[in-house]
file input28.pdb (PDB, C-alpha atoms, pLDDT in the B column)
MODEL        1
ATOM      1  CA  MET A  65       0.000   0.000   0.000  1.00 42.00           C
ATOM      2  CA  LYS A  66       1.275   3.413  -0.939  1.00 44.00           C
ATOM      3  CA  PRO A  67       1.626   5.814   2.015  1.00 42.00           C
ATOM      4  CA  THR A  68      -0.020   9.213   2.025  1.00 43.00           C
ATOM      5  CA  THR A  69       2.291  11.811   0.475  1.00 48.00           C
ATOM      6  CA  THR A  70       0.505  14.934   1.677  1.00 58.00           C
ATOM      7  CA  ILE A  71       0.254  14.261   5.418  1.00 70.00           C
ATOM      8  CA  ASN A  72      -0.125  17.437   7.446  1.00 69.00           C
ATOM      9  CA  TYR A  73       0.064  15.915  10.909  1.00 70.00           C
ATOM     10  CA  LYS A  74       2.760  14.639  13.253  1.00 72.00           C
ATOM     11  CA  THR A  75       2.995  11.489  15.335  1.00 77.00           C
ATOM     12  CA  SER A  76       4.362  13.545  18.233  1.00 76.00           C
ATOM     13  CA  TRP A  77       1.078  15.491  18.280  1.00 65.00           C
ATOM     14  CA  LEU A  78      -0.883  12.239  18.564  1.00 76.00           C
ATOM     15  CA  VAL A  79       1.218  11.053  21.477  1.00 72.00           C
ATOM     16  CA  ALA A  80       0.898  14.418  23.245  1.00 73.00           C
ATOM     17  CA  GLU A  81      -2.871  14.624  22.873  1.00 75.00           C
ATOM     18  CA  ALA A  82      -3.691  10.989  23.711  1.00 70.00           C
ATOM     19  CA  ARG A  83      -4.449  11.758  27.360  1.00 73.00           C
ATOM     20  CA  GLY A  84      -6.714  14.621  26.397  1.00 72.00           C
ATOM     21  CA  ARG A  85      -9.076  12.500  24.318  1.00 81.00           C
ATOM     22  CA  SER A  86     -11.170  11.077  27.158  1.00 82.00           C
ATOM     23  CA  HIS A  87     -14.213  12.952  25.803  1.00 87.00           C
ATOM     24  CA  ILE A  88     -13.900  10.919  22.586  1.00 92.00           C
ATOM     25  CA  THR A  89     -12.988   7.574  24.111  1.00 93.00           C
ATOM     26  CA  SER A  90     -15.858   7.848  26.600  1.00 95.00           C
ATOM     27  CA  VAL A  91     -18.414   8.035  23.787  1.00 96.00           C
ATOM     28  CA  LEU A  92     -16.737   5.168  21.941  1.00 97.00           C
ATOM     29  CA  GLN A  93     -16.941   3.042  25.078  1.00 97.00           C
ATOM     30  CA  ASP A  94     -20.651   3.812  25.373  1.00 97.00           C
ATOM     31  CA  ILE A  95     -21.222   2.885  21.722  1.00 98.00           C
ATOM     32  CA  ARG A  96     -19.337  -0.384  22.195  1.00 97.00           C
ATOM     33  CA  GLU A  97     -21.592  -1.291  25.110  1.00 97.00           C
ATOM     34  CA  ARG A  98     -24.831   0.008  23.583  1.00 96.00           C
ATOM     35  CA  HIS A  99     -24.337  -1.981  20.370  1.00 96.00           C
ATOM     36  CA  MET A 100     -22.673  -4.945  22.091  1.00 97.00           C
ATOM     37  CA  ILE A 101     -19.716  -4.797  19.718  1.00 97.00           C
ATOM     38  CA  GLN A 102     -18.053  -8.178  20.255  1.00 97.00           C
ATOM     39  CA  GLN A 103     -16.469 -10.679  17.882  1.00 97.00           C
ATOM     40  CA  CYS A 104     -16.623  -8.061  15.141  1.00 98.00           C
ATOM     41  CA  ASP A 105     -14.167  -6.799  12.550  1.00 98.00           C
ATOM     42  CA  VAL A 106     -13.394  -3.201  13.468  1.00 98.00           C
ATOM     43  CA  VAL A 107     -11.271  -1.028  11.164  1.00 98.00           C
ATOM     44  CA  GLU A 108     -10.149   2.541  11.761  1.00 98.00           C
ATOM     45  CA  LEU A 109      -9.228   4.827   8.864  1.00 98.00           C
ATOM     46  CA  GLY A 110      -6.695   7.306  10.182  1.00 96.00           C
ATOM     47  CA  SER A 111      -5.954   5.233  13.265  1.00 95.00           C
ATOM     48  CA  GLY A 112      -3.052   7.302  14.584  1.00 93.00           C
ATOM     49  CA  ILE A 113      -1.310   5.504  17.440  1.00 93.00           C
ATOM     50  CA  GLY A 114      -4.241   3.184  18.149  1.00 95.00           C
ATOM     51  CA  THR A 115      -5.922   5.146  20.950  1.00 94.00           C
ATOM     52  CA  ASN A 116      -9.462   4.626  19.640  1.00 95.00           C
ATOM     53  CA  LEU A 117      -9.048   1.052  18.445  1.00 97.00           C
ATOM     54  CA  SER A 118      -7.669  -0.035  21.812  1.00 95.00           C
ATOM     55  CA  ILE A 119     -11.213   0.366  23.177  1.00 96.00           C
ATOM     56  CA  PHE A 120     -12.429  -2.432  20.887  1.00 98.00           C
ATOM     57  CA  ALA A 121      -9.320  -4.606  20.820  1.00 96.00           C
ATOM     58  CA  ALA A 122     -10.146  -6.998  23.670  1.00 94.00           C
ATOM     59  CA  ASN A 123     -13.124  -8.807  22.126  1.00 94.00           C
ATOM     60  CA  ASN A 124     -12.858  -7.916  18.453  1.00 98.00           C
ATOM     61  CA  ARG A 125     -10.536  -8.200  15.473  1.00 98.00           C
ATOM     62  CA  VAL A 126      -9.133  -4.708  14.950  1.00 98.00           C
ATOM     63  CA  LEU A 127      -7.021  -3.122  12.227  1.00 98.00           C
ATOM     64  CA  GLY A 128      -5.750   0.415  11.933  1.00 98.00           C
ATOM     65  CA  VAL A 129      -5.053   2.099   8.595  1.00 98.00           C
ATOM     66  CA  GLU A 130      -2.737   5.086   8.970  1.00 95.00           C
ATOM     67  CA  GLY A 131      -0.748   7.307   6.625  1.00 92.00           C
ATOM     68  CA  MET A 132       2.214   7.979   8.905  1.00 91.00           C
ATOM     69  CA  GLY A 133       4.721   5.162   9.183  1.00 92.00           C
ATOM     70  CA  GLU A 134       5.963   6.371  12.559  1.00 91.00           C
ATOM     71  CA  ALA A 135       2.408   6.299  13.929  1.00 92.00           C
ATOM     72  CA  VAL A 136       1.936   2.744  12.622  1.00 95.00           C
ATOM     73  CA  LEU A 137       5.036   1.635  14.528  1.00 94.00           C
ATOM     74  CA  GLU A 138       3.802   3.380  17.680  1.00 93.00           C
ATOM     75  CA  SER A 139       0.396   1.703  17.325  1.00 95.00           C
ATOM     76  CA  LYS A 140       1.996  -1.723  17.018  1.00 96.00           C
ATOM     77  CA  ALA A 141       4.147  -0.996  20.054  1.00 95.00           C
ATOM     78  CA  ARG A 142       0.935  -0.312  21.966  1.00 93.00           C
ATOM     79  CA  GLY A 143      -0.516  -3.650  20.881  1.00 95.00           C
ATOM     80  CA  VAL A 144      -2.852  -2.416  18.123  1.00 96.00           C
ATOM     81  CA  THR A 145      -2.335  -3.895  14.649  1.00 97.00           C
ATOM     82  CA  ALA A 146      -1.965  -1.256  11.943  1.00 97.00           C
ATOM     83  CA  ILE A 147      -0.837  -0.839   8.337  1.00 97.00           C
ATOM     84  CA  GLN A 148       0.366   2.183   6.400  1.00 96.00           C
ATOM     85  CA  ALA A 149      -1.726   3.381   3.471  1.00 96.00           C
ATOM     86  CA  ASN A 150      -2.940   6.480   1.663  1.00 96.00           C
ATOM     87  CA  LEU A 151      -6.506   7.225   2.805  1.00 96.00           C
ATOM     88  CA  GLU A 152      -7.213   9.198  -0.357  1.00 95.00           C
ATOM     89  CA  GLU A 153      -6.480   6.250  -2.628  1.00 94.00           C
ATOM     90  CA  SER A 154      -8.098   2.841  -3.042  1.00 91.00           C
ATOM     91  CA  LEU A 155      -7.148   0.588  -0.138  1.00 95.00           C
ATOM     92  CA  ALA A 156      -5.856  -2.922  -0.842  1.00 94.00           C
ATOM     93  CA  LEU A 157      -8.235  -4.466   1.662  1.00 97.00           C
ATOM     94  CA  PRO A 158     -11.059  -6.887   0.825  1.00 97.00           C
ATOM     95  CA  SER A 159     -14.556  -5.554   0.266  1.00 97.00           C
ATOM     96  CA  ASP A 160     -17.311  -6.456   2.748  1.00 97.00           C
ATOM     97  CA  SER A 161     -14.726  -7.297   5.413  1.00 97.00           C
ATOM     98  CA  ALA A 162     -15.653  -4.950   8.297  1.00 98.00           C
ATOM     99  CA  ASP A 163     -18.617  -4.657  10.643  1.00 98.00           C
ATOM    100  CA  TRP A 164     -17.595  -1.304  12.093  1.00 98.00           C
ATOM    101  CA  ILE A 165     -15.339   1.435  10.754  1.00 98.00           C
ATOM    102  CA  LEU A 166     -14.033   4.420  12.715  1.00 98.00           C
ATOM    103  CA  CYS A 167     -13.026   7.687  11.070  1.00 98.00           C
ATOM    104  CA  MET A 168     -12.274  10.044  13.930  1.00 96.00           C
ATOM    105  CA  ASP A 169     -10.980  13.571  13.345  1.00 95.00           C
ATOM    106  CA  VAL A 170      -9.670  12.614   9.914  1.00 96.00           C
ATOM    107  CA  LEU A 171     -11.919  13.990   7.174  1.00 97.00           C
ATOM    108  CA  GLU A 172     -11.010  17.599   7.968  1.00 96.00           C
ATOM    109  CA  HIS A 173      -7.378  16.812   7.081  1.00 94.00           C
ATOM    110  CA  LEU A 174      -8.070  15.346   3.627  1.00 95.00           C
ATOM    111  CA  MET A 175      -8.123  17.089   0.273  1.00 94.00           C
ATOM    112  CA  ASN A 176     -10.468  14.355  -0.947  1.00 96.00           C
ATOM    113  CA  PRO A 177     -12.588  13.103   1.967  1.00 97.00           C
ATOM    114  CA  VAL A 178     -14.972  11.383  -0.451  1.00 97.00           C
ATOM    115  CA  ALA A 179     -12.242   8.897  -1.385  1.00 97.00           C
ATOM    116  CA  CYS A 180     -11.814   7.935   2.264  1.00 97.00           C
ATOM    117  CA  LEU A 181     -15.558   7.494   2.756  1.00 98.00           C
ATOM    118  CA  ASP A 182     -15.830   5.491  -0.471  1.00 97.00           C
ATOM    119  CA  SER A 183     -13.288   3.082   0.983  1.00 98.00           C
ATOM    120  CA  ALA A 184     -15.298   2.860   4.200  1.00 98.00           C
ATOM    121  CA  TYR A 185     -18.443   2.043   2.231  1.00 98.00           C
ATOM    122  CA  ARG A 186     -16.701  -0.653   0.202  1.00 98.00           C
ATOM    123  CA  LEU A 187     -15.075  -2.272   3.224  1.00 98.00           C
ATOM    124  CA  LEU A 188     -18.260  -2.446   5.290  1.00 98.00           C
ATOM    125  CA  ARG A 189     -20.548  -5.424   5.161  1.00 97.00           C
ATOM    126  CA  ASN A 190     -24.226  -4.879   4.455  1.00 95.00           C
ATOM    127  CA  ASP A 191     -25.788  -2.781   7.230  1.00 91.00           C
ATOM    128  CA  GLY A 192     -22.329  -2.169   8.696  1.00 97.00           C
ATOM    129  CA  HIS A 193     -21.701   0.979  10.702  1.00 98.00           C
ATOM    130  CA  LEU A 194     -19.378   3.948  10.366  1.00 98.00           C
ATOM    131  CA  ILE A 195     -18.484   6.190  13.309  1.00 98.00           C
ATOM    132  CA  VAL A 196     -17.400   9.684  12.278  1.00 98.00           C
ATOM    133  CA  ASN A 197     -16.228  12.694  14.233  1.00 98.00           C
ATOM    134  CA  VAL A 198     -15.261  16.073  12.799  1.00 98.00           C
ATOM    135  CA  PRO A 199     -14.621  19.338  14.669  1.00 96.00           C
ATOM    136  CA  ASN A 200     -16.757  22.465  14.500  1.00 96.00           C
ATOM    137  CA  HIS A 201     -14.486  25.480  14.139  1.00 94.00           C
ATOM    138  CA  PHE A 202     -17.279  27.997  14.174  1.00 94.00           C
ATOM    139  CA  ASP A 203     -19.384  27.549  17.290  1.00 94.00           C
ATOM    140  CA  TRP A 204     -20.126  30.692  19.309  1.00 93.00           C
ATOM    141  CA  ARG A 205     -16.618  30.661  20.781  1.00 93.00           C
ATOM    142  CA  GLY A 206     -14.955  30.399  17.406  1.00 93.00           C
ATOM    143  CA  ARG A 207     -17.115  33.176  15.984  1.00 94.00           C
ATOM    144  CA  MET A 208     -16.201  35.473  18.825  1.00 93.00           C
ATOM    145  CA  ARG A 209     -12.516  34.737  18.377  1.00 92.00           C
ATOM    146  CA  LEU A 210     -12.753  35.387  14.652  1.00 92.00           C
ATOM    147  CA  LEU A 211     -14.233  38.790  15.398  1.00 92.00           C
ATOM    148  CA  ARG A 212     -11.223  39.446  17.609  1.00 91.00           C
ATOM    149  CA  GLY A 213      -8.846  38.482  14.802  1.00 89.00           C
ATOM    150  CA  SER A 214      -8.005  34.859  15.596  1.00 86.00           C
ATOM    151  CA  GLY A 215      -7.633  33.747  11.979  1.00 85.00           C
ATOM    152  CA  ILE A 216      -8.853  30.409  10.667  1.00 86.00           C
ATOM    153  CA  ASP A 217      -7.707  28.487  13.765  1.00 88.00           C
ATOM    154  CA  SER A 218     -10.598  29.893  15.752  1.00 87.00           C
ATOM    155  CA  GLN A 219     -10.367  27.132  18.376  1.00 86.00           C
ATOM    156  CA  GLY A 220      -6.616  27.233  18.880  1.00 84.00           C
ATOM    157  CA  TYR A 221      -6.135  23.618  17.823  1.00 86.00           C
ATOM    158  CA  PHE A 222      -2.725  24.228  16.259  1.00 86.00           C
ATOM    159  CA  PRO A 223      -1.209  27.378  17.772  1.00 83.00           C
ATOM    160  CA  GLU A 224       2.252  26.586  16.437  1.00 83.00           C
ATOM    161  CA  SER A 225       1.136  26.073  12.812  1.00 84.00           C
ATOM    162  CA  ARG A 226       1.472  28.888  10.325  1.00 86.00           C
ATOM    163  CA  ILE A 227      -1.725  29.731   8.464  1.00 85.00           C
ATOM    164  CA  TRP A 228      -0.335  28.459   5.143  1.00 87.00           C
ATOM    165  CA  ALA A 229       0.376  25.072   6.735  1.00 87.00           C
ATOM    166  CA  TYR A 230      -2.763  24.761   8.865  1.00 90.00           C
ATOM    167  CA  PRO A 231      -3.576  21.028   9.218  1.00 89.00           C
ATOM    168  CA  HIS A 232      -7.342  21.352   8.707  1.00 92.00           C
ATOM    169  CA  VAL A 233      -8.287  21.864   5.063  1.00 92.00           C
ATOM    170  CA  ARG A 234     -12.021  21.046   5.291  1.00 95.00           C
ATOM    171  CA  PHE A 235     -14.573  22.772   7.535  1.00 95.00           C
ATOM    172  CA  PHE A 236     -17.944  21.215   8.301  1.00 97.00           C
ATOM    173  CA  GLN A 237     -21.359  22.273   9.540  1.00 96.00           C
ATOM    174  CA  ARG A 238     -23.817  19.734  10.937  1.00 97.00           C
ATOM    175  CA  ALA A 239     -25.853  19.754   7.723  1.00 97.00           C
ATOM    176  CA  THR A 240     -22.852  19.533   5.400  1.00 98.00           C
ATOM    177  CA  ILE A 241     -21.192  16.565   7.106  1.00 98.00           C
ATOM    178  CA  GLU A 242     -24.502  14.677   6.887  1.00 98.00           C
ATOM    179  CA  GLU A 243     -24.850  15.730   3.245  1.00 98.00           C
ATOM    180  CA  LEU A 244     -21.366  14.357   2.518  1.00 98.00           C
ATOM    181  CA  LEU A 245     -22.116  11.071   4.262  1.00 98.00           C
ATOM    182  CA  LEU A 246     -25.435  10.686   2.444  1.00 98.00           C
ATOM    183  CA  SER A 247     -23.786  11.329  -0.930  1.00 97.00           C
ATOM    184  CA  VAL A 248     -21.490   8.342  -0.360  1.00 97.00           C
ATOM    185  CA  GLY A 249     -24.238   6.019   0.884  1.00 97.00           C
ATOM    186  CA  PHE A 250     -24.455   6.460   4.656  1.00 98.00           C
ATOM    187  CA  THR A 251     -27.442   7.450   6.750  1.00 98.00           C
ATOM    188  CA  VAL A 252     -27.020   8.967  10.209  1.00 98.00           C
ATOM    189  CA  GLU A 253     -28.611   6.768  12.891  1.00 97.00           C
ATOM    190  CA  GLU A 254     -27.293   8.360  16.093  1.00 97.00           C
ATOM    191  CA  ASP A 255     -25.922  11.795  16.882  1.00 96.00           C
ATOM    192  CA  PHE A 256     -23.713  12.077  19.960  1.00 95.00           C
ATOM    193  CA  SER A 257     -22.768  15.687  19.340  1.00 94.00           C
ATOM    194  CA  TYR A 258     -24.790  16.665  22.418  1.00 90.00           C
ATOM    195  CA  ARG A 259     -21.960  15.176  24.478  1.00 90.00           C
ATOM    196  CA  PHE A 260     -19.780  18.067  23.293  1.00 90.00           C
ATOM    197  CA  ASN A 261     -21.916  21.031  24.288  1.00 87.00           C
ATOM    198  CA  THR A 262     -20.233  24.459  24.312  1.00 89.00           C
ATOM    199  CA  PHE A 263     -23.176  26.461  25.625  1.00 84.00           C
ATOM    200  CA  PRO A 264     -21.974  29.358  27.828  1.00 79.00           C
ATOM    201  CA  LYS A 265     -22.013  28.452  31.542  1.00 70.00           C
ATOM    202  CA  ALA A 266     -23.050  24.888  30.679  1.00 68.00           C
ATOM    203  CA  THR A 267     -21.765  23.588  34.018  1.00 71.00           C
ATOM    204  CA  LEU A 268     -24.035  25.976  35.883  1.00 69.00           C
ATOM    205  CA  PHE A 269     -27.054  24.843  33.865  1.00 66.00           C
ATOM    206  CA  SER A 270     -26.188  21.219  34.643  1.00 70.00           C
ATOM    207  CA  ARG A 271     -26.019  21.956  38.361  1.00 74.00           C
ATOM    208  CA  ILE A 272     -29.573  23.261  38.367  1.00 76.00           C
ATOM    209  CA  GLY A 273     -30.873  20.300  36.381  1.00 74.00           C
ATOM    210  CA  ALA A 274     -31.337  22.071  33.052  1.00 70.00           C
ATOM    211  CA  GLN A 275     -29.438  19.525  30.937  1.00 76.00           C
ATOM    212  CA  ASN A 276     -32.496  18.860  28.784  1.00 80.00           C
ATOM    213  CA  LEU A 277     -32.739  22.548  27.947  1.00 80.00           C
ATOM    214  CA  LEU A 278     -29.086  22.626  26.918  1.00 80.00           C
ATOM    215  CA  GLN A 279     -29.534  19.554  24.753  1.00 82.00           C
ATOM    216  CA  ALA A 280     -32.635  21.052  23.119  1.00 85.00           C
ATOM    217  CA  LEU A 281     -30.747  24.242  22.290  1.00 85.00           C
ATOM    218  CA  GLN A 282     -27.861  22.281  20.867  1.00 85.00           C
ATOM    219  CA  ILE A 283     -30.140  20.143  18.707  1.00 87.00           C
ATOM    220  CA  ARG A 284     -31.840  23.302  17.431  1.00 90.00           C
ATOM    221  CA  TRP A 285     -28.573  25.144  16.738  1.00 93.00           C
ATOM    222  CA  PRO A 286     -25.804  22.514  16.493  1.00 94.00           C
ATOM    223  CA  ASP A 287     -23.438  24.789  14.590  1.00 96.00           C
ATOM    224  CA  LEU A 288     -23.599  27.308  17.411  1.00 95.00           C
ATOM    225  CA  PHE A 289     -23.354  25.047  20.457  1.00 93.00           C
ATOM    226  CA  SER A 290     -21.472  21.883  19.390  1.00 94.00           C
ATOM    227  CA  ALA A 291     -17.705  21.487  19.617  1.00 94.00           C
ATOM    228  CA  GLY A 292     -17.913  18.812  16.937  1.00 96.00           C
ATOM    229  CA  TYR A 293     -20.193  16.389  15.138  1.00 97.00           C
ATOM    230  CA  PHE A 294     -20.002  12.811  16.424  1.00 98.00           C
ATOM    231  CA  LEU A 295     -22.192  10.537  14.302  1.00 98.00           C
ATOM    232  CA  VAL A 296     -22.977   6.837  14.053  1.00 98.00           C
ATOM    233  CA  CYS A 297     -23.962   5.991  10.496  1.00 98.00           C
ATOM    234  CA  ARG A 298     -25.291   2.898   8.749  1.00 98.00           C
ATOM    235  CA  LYS A 299     -24.302   1.722   5.307  1.00 98.00           C
ATOM    236  CA  MET A 300     -27.274   1.920   2.965  1.00 95.00           C
ATOM    237  CA  ASN A 301     -27.296  -1.195   0.815  1.00 84.00           C
ATOM    238  CA  GLY A 302     -27.723  -1.087  -2.916  1.00 66.00           C
TER     239      GLY A 302
ENDMDL
END

call {"tool": "encode", "arguments": {"input": "input28.pdb", "output": "structure tokens"}}
result
Amino acid sequence: MKPTTTINYKTSWLVAEARGRSHITSVLQDIRERHMIQQCDVVELGSGIGTNLSIFAANNRVLGVEGMGEAVLESKARGVTAIQANLEESLALPSDSADWILCMDVLEHLMNPVACLDSAYRLLRNDGHLIVNVPNHFDWRGRMRLLRGSGIDSQGYFPESRIWAYPHVRFFQRATIEELLLSVGFTVEEDFSYRFNTFPKATLFSRIGAQNLLQALQIRWPDLFSAGYFLVCRKMNG
């Protein structure tokens, strides 16, 4: 498999941020339990150092597909099988070979995210599931920072990156990520974006038992109050 030649990420970043991804791994753990994901073939496209796949590794057959050779080696060192490949090209993996595919914080880095999703569709068995997460740069916090002159990195994800080398090249709204998924052949079944609420003073609202109000506001205006879009999708057959 040919490795990605236009990678705009670093393995050192993945290692540094691994401990700060509990908000992501917590949702993945809940999905694993809710759907009783056991004895399944689980593949991750853009698997990094294996942080996400490690959640499924104990009772499933897992495989990571990653563009950075150094990250593949780190994943293997952590006990998660991985291979190096270009996510924007056809993957030399058998069709209809996966029950679940993860694509977490990857699509925003790709010049051609459709190619990656096409691979996910081909690899999944009938009625297989795809878990996707992409960030929302332009919630209320990002909009305020833009007004103050933050530049495109409105959330401060990559403070050391120059604007001409900014790692994110695609920017999604809730409607547009669903539109992209639908165009490839996926339908959204579950939306866990409410777990990433950025409503002002959200902790205070939770203390007074107003979580349902916060969730209702986020559902009504996801682009304003969601830090990202975390979706469980099903492959539409035919």

call {"tool": "residues_around", "arguments": {"input": "input28.pdb", "residues": "segment 162-176 of chain A", "least_positions_apart": "2", "cutoff": "7 Å", "atoms": "only C-alpha atoms", "output": "PyMOL selection string"}}
result
chain A and resi 104-110+152+160+178-179+184+187-189+192-199+231-235

call {"tool": "write_last_selection", "arguments": {"input": "input28.pdb", "atoms": "C-alpha atoms", "output": "CSV table (one decimal), in the coordinates of the input"}}
result
chain,number,residue,atom,x,y,z
A,104,CYS,CA,-16.6,-8.1,15.1
A,105,ASP,CA,-14.2,-6.8,12.6
A,106,VAL,CA,-13.4,-3.2,13.5
A,107,VAL,CA,-11.3,-1.0,11.2
A,108,GLU,CA,-10.1,2.5,11.8
A,109,LEU,CA,-9.2,4.8,8.9
A,110,GLY,CA,-6.7,7.3,10.2
A,152,GLU,CA,-7.2,9.2,-0.4
A,160,ASP,CA,-17.3,-6.5,2.7
A,178,VAL,CA,-15.0,11.4,-0.5
A,179,ALA,CA,-12.2,8.9,-1.4
A,184,ALA,CA,-15.3,2.9,4.2
A,187,LEU,CA,-15.1,-2.3,3.2
A,188,LEU,CA,-18.3,-2.4,5.3
A,189,ARG,CA,-20.5,-5.4,5.2
A,192,GLY,CA,-22.3,-2.2,8.7
A,193,HIS,CA,-21.7,1.0,10.7
A,194,LEU,CA,-19.4,3.9,10.4
A,195,ILE,CA,-18.5,6.2,13.3
A,196,VAL,CA,-17.4,9.7,12.3
A,197,ASN,CA,-16.2,12.7,14.2
A,198,VAL,CA,-15.3,16.1,12.8
A,199,PRO,CA,-14.6,19.3,14.7
A,231,PRO,CA,-3.6,21.0,9.2
A,232,HIS,CA,-7.3,21.4,8.7
A,233,VAL,CA,-8.3,21.9,5.1
A,234,ARG,CA,-12.0,21.0,5.3
A,235,PHE,CA,-14.6,22.8,7.5

call {"tool": "axis_aligned_box", "arguments": {"input": "input28.pdb", "around": "segment 243-255 of chain A", "padding_each_side": "6 Å", "output": "AutoDock Vina command-line options"}}
result
--center_x -25.0 --center_y 10.9 --center_z 8.0 --size_x 19.2 --size_y 21.7 --size_z 29.8

call {"tool": "closest_residue", "arguments": {"input": "input28.pdb", "among": "A:Ser118, A:Gln148, A:Ser225, A:Gln282", "to": "Pro264 of chain A", "atoms": "all atoms listed in the file"}}
result
A:Gln282

call {"tool": "atom_distance", "arguments": {"input": "input28.pdb", "atom1": "atom CA of Pro177 of chain A", "atom2": "atom CA of Gly114 of chain A"}}
result
20.7 Å

call {"tool": "atom_distance", "arguments": {"input": "input28.pdb", "atom1": "atom CA of Phe256 of chain A", "atom2": "atom CA of Val91 of chain A"}}
result
7.7 Å

call {"tool": "resolve_selection", "arguments": {"input": "input28.pdb", "expression": "the PyMOL selection byres ((chain A and resi 213-220) around 10)", "output": "list in words"}}
result
Pro199, Asn200, His201, Phe202, Asp203, Arg205, Gly206, Arg207, Met208, Arg209, Leu210, Leu211, Arg212, Tyr221, Phe222, Pro223, Glu224, Ser225, Arg226, Ile227, Tyr230, Pro231, His232 and Ala291 of chain A

call {"tool": "atom_distance", "arguments": {"input": "input28.pdb", "atom1": "atom CA of Phe250 of chain A", "atom2": "atom CA of Glu97 of chain A"}}
result
22.1 Å

call {"tool": "closest_residue", "arguments": {"input": "input28.pdb", "among": "A:Ile241, A:Ser76, A:Ser86, A:Ile71", "to": "Ala149 of chain A", "atoms": "only C-alpha atoms"}}
result
A:Ile71

call {"tool": "resolve_selection", "arguments": {"input": "input28.pdb", "expression": "the PyMOL selection byres ((chain A and resi 144) around 10)", "output": "list in words"}}
result
Ser111, Ile113, Gly114, Thr115, Asn116, Leu117, Ser118, Phe120, Ala121, Arg125, Val126, Leu127, Gly128, Val136, Leu137, Glu138, Ser139, Lys140, Ala141, Arg142, Gly143, Thr145 and Ala146 of chain A

call {"tool": "closest_residue", "arguments": {"input": "input28.pdb", "among": "A:Ala229, A:Leu288, A:Ile272, A:Cys180", "to": "Leu244 of chain A", "atoms": "all atoms listed in the file"}}
result
A:Cys180

call {"tool": "closest_residue", "arguments": {"input": "input28.pdb", "among": "A:Asn301, A:Phe260, A:Phe294, A:Phe289", "to": "His87 of chain A", "atoms": "all atoms listed in the file"}}
result
A:Phe260

call {"tool": "closest_residue", "arguments": {"input": "input28.pdb", "among": "A:Leu278, A:Glu253, A:Arg284, A:Ala156", "to": "Lys265 of chain A", "atoms": "all atoms listed in the file"}}
result
A:Leu278

call {"tool": "build_atoms", "arguments": {"input": "input28.pdb", "residues": "segment 106-119 of chain A", "atoms": "N, CA and C atoms", "output": "mmCIF file, keeping the file's coordinate frame"}}
result
data_model
loop_
_atom_site.group_PDB
_atom_site.id
_atom_site.type_symbol
_atom_site.label_atom_id
_atom_site.label_comp_id
_atom_site.auth_asym_id
_atom_site.auth_seq_id
_atom_site.Cartn_x
_atom_site.Cartn_y
_atom_site.Cartn_z
ATOM 1 N N VAL A 106 -13.369 -4.649 13.280
ATOM 2 C CA VAL A 106 -13.394 -3.201 13.468
ATOM 3 C C VAL A 106 -12.151 -2.602 12.815
ATOM 4 N N VAL A 107 -12.361 -1.683 11.888
ATOM 5 C CA VAL A 107 -11.271 -1.028 11.164
ATOM 6 C C VAL A 107 -11.336 0.463 11.443
ATOM 7 N N GLU A 108 -10.186 1.088 11.626
ATOM 8 C CA GLU A 108 -10.149 2.541 11.761
ATOM 9 C C GLU A 108 -9.328 3.144 10.636
ATOM 10 N N LEU A 109 -9.919 4.090 9.924
ATOM 11 C CA LEU A 109 -9.228 4.827 8.864
ATOM 12 C C LEU A 109 -8.671 6.106 9.475
ATOM 13 N N GLY A 110 -7.345 6.212 9.477
ATOM 14 C CA GLY A 110 -6.695 7.306 10.182
ATOM 15 C C GLY A 110 -6.574 6.946 11.649
ATOM 16 N N SER A 111 -5.939 5.823 11.919
ATOM 17 C CA SER A 111 -5.954 5.233 13.265
ATOM 18 C C SER A 111 -4.922 5.821 14.205
ATOM 19 N N GLY A 112 -4.024 6.673 13.704
ATOM 20 C CA GLY A 112 -3.052 7.302 14.584
ATOM 21 C C GLY A 112 -2.205 6.280 15.313
ATOM 22 N N ILE A 113 -2.132 6.414 16.622
ATOM 23 C CA ILE A 113 -1.310 5.504 17.440
ATOM 24 C C ILE A 113 -2.161 4.430 18.120
ATOM 25 N N GLY A 114 -3.394 4.274 17.666
ATOM 26 C CA GLY A 114 -4.241 3.184 18.149
ATOM 27 C C GLY A 114 -5.088 3.497 19.357
ATOM 28 N N THR A 115 -5.181 4.768 19.743
ATOM 29 C CA THR A 115 -5.922 5.146 20.950
ATOM 30 C C THR A 115 -7.385 4.713 20.891
ATOM 31 N N ASN A 116 -8.039 4.963 19.760
ATOM 32 C CA ASN A 116 -9.462 4.626 19.640
ATOM 33 C C ASN A 116 -9.680 3.124 19.505
ATOM 34 N N LEU A 117 -8.870 2.484 18.679
ATOM 35 C CA LEU A 117 -9.048 1.052 18.445
ATOM 36 C C LEU A 117 -8.794 0.227 19.696
ATOM 37 N N SER A 118 -7.964 0.723 20.598
ATOM 38 C CA SER A 118 -7.669 -0.035 21.812
ATOM 39 C C SER A 118 -8.930 -0.296 22.627
ATOM 40 N N ILE A 119 -9.947 0.541 22.460
ATOM 41 C CA ILE A 119 -11.213 0.366 23.177
ATOM 42 C C ILE A 119 -11.935 -0.900 22.718
#
